[in-house]
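A short write-up of the structure that comes next.
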Amino acid sequence: MRNVHKGSPAGASTATTLDRLRRGQIATVTAVDIHGPQRRRLMDLGVLPGSRIHIDRVSPLGDPTAYLVRGSVIALRREQARGIHITVEQE
Amino acid sequence: MAADLPTPNANASPPPAASAACGTCVFNHAAQLRALGVDVSGHDHVVALAGNPNTGKSTVFNALTGLRQHVGNWPGKTVTGAEGGFGYRRRRYKLVDLPGTYSLLSDSQDEDVARDFLLFGQPDVTVVVVDATRLQRNLNLVLQILQITGRVVVALNLIDEAHRHGLSLDQRHLARELGVPVVPMAARSRRGLDALLEAIEQVALGTVATRARRVHHGDARTERAVRELAAQLLREYPGLANTRWIALRLLEGDPGIERAVTDGTLDRLSSPTPHAVSSETPGT
């Protein structure tokens, strides 16, 4: 399994990848496991470790999904979202 | 009203090399600028306008030029944005609108154009228009530009909108951190325009010393490689500007810069064409 639980009593957070983020959840990017120009592009658009991210809109087929990050909306394919590691904040 | 300017400092960057090099001739880079498709005759200074898309860059452009613009489209890979002019305190400025980009490092044509202009055109001042409501994202481009040139003014635009959203911005702190003037403004209602003009003049004339924040990679091996490659570039292309930056990009495998080396862009933009050389003759 990919999910790792960090034992913090007050607010537990869950490590996963962005494609598994659900609507309404807020996450923090921990790593961008994508290489080459795409990595550069994502970082230029604000997707880098420490960025908070959540789902803004989902297209009818669920792919791509629009995320809100650093005040802007960006659309990502599931394939790209899979390469972005996050920790989900517990509601 | 003066902008918030970083205090002049002992190890600050020197005033424009251009005026020092050839007395009255301001345009050291006239040839490179011409190669990039910009004719600077009849102007004292060249000002580039950069920024992310949707930051009100065009509004700033129009506010500065009073709509006296024409859209330029030159043959070859040149500046594709608008060009205009304005006068301020008896000096004439040429304003070149660069394509709106999030970055100078990704591989798109707009970014190539903006990057080439900053690298090789070496404008006297680069105004980076940032959206005050999306500062985090916008600062990415600011920092990237600061790696190329310190002769920058940050126009903190849409400040009225930021205030409406309950955001307060500490522009003094920002100016200190970045090492360049930061001017809060609302270009739509022409707020802050005078301060922007003054800041442009101060950077153009070197009356305010900027001290751009540079990002250090802090790795001795990388540093050595960069130095070596930069020296090699300079041998290959005498007169080439920003060799350190170019070397760093080449080491990172930037396809745009690799292309600039192989397709002759670097060669074309490194040495001035004979007819453009000013009264000063090198080597005599």
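Order determines the names: the first chain of the structure tokens is A, the second B, and so forth; residues in each chain are numbered 1 upward, and ligands are numbered 1 upward as they are shown.
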Q: May I have all residues of region 34-153 of chain B that DSSP, computed from the backbone, assigns to alpha helix (DSSP H), given as an NGL selection string?
A: :B and (34-35 or 57-65 or 109-116 or 135-148)
Q: Find the residues in chain B near chain A: any atom within 7 Å counts, using only C-alpha atoms. Write them as a list of chain:residue names.
A: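 Taken together, these residues fit the definition: B:Tyr102, B:Ser103, B:Ser106, B:Arg134, B:Gln136, B:Arg137, B:Asn140.
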Export of the given selection (N, CA and C atoms) as a CSV table (one decimal), in the first residue's frame:
chain,number,residue,atom,x,y,z
B,102,TYR,N,5.4,32.6,-17.3
B,102,TYR,CA,5.5,32.2,-15.9
B,102,TYR,C,7.0,32.0,-15.6
B,103,SER,N,7.8,31.8,-16.6
B,103,SER,CA,9.2,31.4,-16.4
B,103,SER,C,10.0,31.8,-17.6
B,106,SER,N,11.4,27.3,-19.0
B,106,SER,CA,10.7,26.2,-19.8
B,106,SER,C,10.9,26.4,-21.2
B,134,ARG,N,-1.4,37.4,-6.3
B,134,ARG,CA,-0.8,36.1,-6.5
B,134,ARG,C,0.7,36.2,-6.5
B,136,GLN,N,3.1,34.9,-4.6
B,136,GLN,CA,4.0,33.7,-4.5
B,136,GLN,C,4.3,33.2,-5.9
B,137,ARG,N,3.3,33.0,-6.7
B,137,ARG,CA,3.6,32.5,-8.0
B,137,ARG,C,4.3,33.4,-8.9
B,140,ASN,N,8.3,33.8,-8.7
B,140,ASN,CA,9.2,32.8,-9.5
B,140,ASN,C,9.9,33.5,-10.7
Q: For CA of Arg188 (chain B) and CA of Ala63 (chain B), quote the distance in Å rounded to one decimal.
A: 7.9 Å
Q.
Counting only C-alpha atoms, which residue out of B:Arg151, B:Ala230, B:Ala50, B:Leu36 sits closest to Thr207 (chain B)?
A.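 Between B:Arg151, B:Ala230, B:Ala50, B:Leu36, the residue approaching Thr207 (chain B) most closely is B:Arg151.
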**Q.** Shortest interatomic distance to Pro181 (chain B) - which of B:Asp254, B:Gln232, B:Thr133, B:Thr126, counting only C-alpha atoms
**A.** B:Thr126
Q.
I want to know what sits within 7 Å of Gly100 (chain B), based on only C-alpha atoms, with residues of the same chain fewer than 6 positions away left out; could you give that as JSON, numbers by chain?
A. {"B": [50, 51, 52, 53]}
Write to file, as a tab-separated table (two decimals), in the first residue's frame, the residues of the selection just made, with N, CA and C atoms.
chain	number	residue	atom	x	y	z
B	50	ALA	N	8.23	42.91	-18.44
B	50	ALA	CA	8.04	41.47	-18.32
B	50	ALA	C	6.98	41.17	-17.27
B	51	GLY	N	6.52	39.94	-17.23
B	51	GLY	CA	5.54	39.57	-16.21
B	51	GLY	C	4.79	38.32	-16.59
B	52	ASN	N	4.12	37.74	-15.60
B	52	ASN	CA	3.26	36.60	-15.87
B	52	ASN	C	2.08	37.05	-16.74
B	53	PRO	N	1.40	36.13	-17.40
B	53	PRO	CA	0.16	36.51	-18.08
B	53	PRO	C	-0.86	37.01	-17.05
Q. Which one of A:Thr87, A:Thr30, A:Thr65, A:Ser13 sits closest to Gly50 (chain A) if you count only C-alpha atoms?
A. A:Thr30
Q) Nearest to Leu156 (chain B): which of B:Gly56, B:Arg213, B:Ala31, B:Leu250 is it, counting only C-alpha atoms? A) B:Gly56
Q) Which of these, B:Leu105, B:Asp110, B:Arg164, B:Leu146, has the shortest distance to Gly253 (chain B) once you count only C-alpha atoms? A)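 Counting only C-alpha atoms, the residue closest to Gly253 (chain B) is B:Leu105.
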(Q) Just want the 7 Å neighbourhood of region 57-64 of chain A, counted on only C-alpha atoms, with same-chain residues fewer than 6 positions away dropped. Output as a PyMOL selection string. (A) chain A and resi 75-78
Dump as a compact mmCIF listing (two decimals), in the first residue's frame, selection limited to N, CA and C atoms:
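And here is the file that came out, selection-v9.txt:
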# COMPACT_ATOMS: atom_id res chain seq x y z
N ALA A 75 -4.68 22.66 -14.53
CA ALA A 75 -5.27 21.36 -14.85
C ALA A 75 -4.16 20.34 -15.05
N LEU A 76 -4.32 19.19 -14.44
CA LEU A 76 -3.31 18.14 -14.58
C LEU A 76 -3.96 16.84 -15.00
N ARG A 77 -3.24 16.09 -15.81
CA ARG A 77 -3.68 14.74 -16.17
C ARG A 77 -3.40 13.82 -14.99
N ARG A 78 -4.15 12.74 -14.93
CA ARG A 78 -3.98 11.80 -13.83
C ARG A 78 -2.54 11.29 -13.76
Q) Can you list, as a VMD selection string, every protein, DNA or RNA residue that comes within 9 Å of region 195-202 of chain B when you count only C-alpha atoms, leaving out same-chain residues fewer than 4 positions away? A) chain B and resid 1 to 5 47 64 88 to 89 91 125 to 127 152 to 155 181 to 185 191 206 to 209
Q) What is the CA of His165 (chain B) to CA of Leu141 (chain B) distance in Å? A)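 Result for CA of His165 (chain B) versus CA of Leu141 (chain B): 23.1 Å, one decimal.
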Q.
To test your reading of the structure, identify every residue in chain A that backbone DSSP assigns to strand (DSSP E or B), and report it as a ChimeraX atom specification.
A. /A:4-5,13-17,26-32,52-58,65-69,72-76,84-89
Q | Who sits within 6 Å of Ala27 (chain A), only C-alpha atoms, same chain under 4 positions skipped, as number ranges by chain | A | A: 52-53, 87-89
Q: State, in Å with one decimal place, the distance from CA of Val46 (chain B) to CA of Asp107 (chain B).
A: 25.8 Å
Q: Pick out the residues sitting within 8 Å of Pro49 (chain A), and hand them over as JSON, numbers by chain; count only C-alpha atoms, and ignore anything fewer than 4 positions along from it in its own chain.
A: {"A": [28, 29, 30, 31, 32]}
Q) Which residue out of B:Asn157, B:Gln122, B:Thr55, B:Gln109 has the minimum interatomic distance to Val38 (chain B) when only C-alpha atoms are used? A)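 Closest candidate: B:Gln122.
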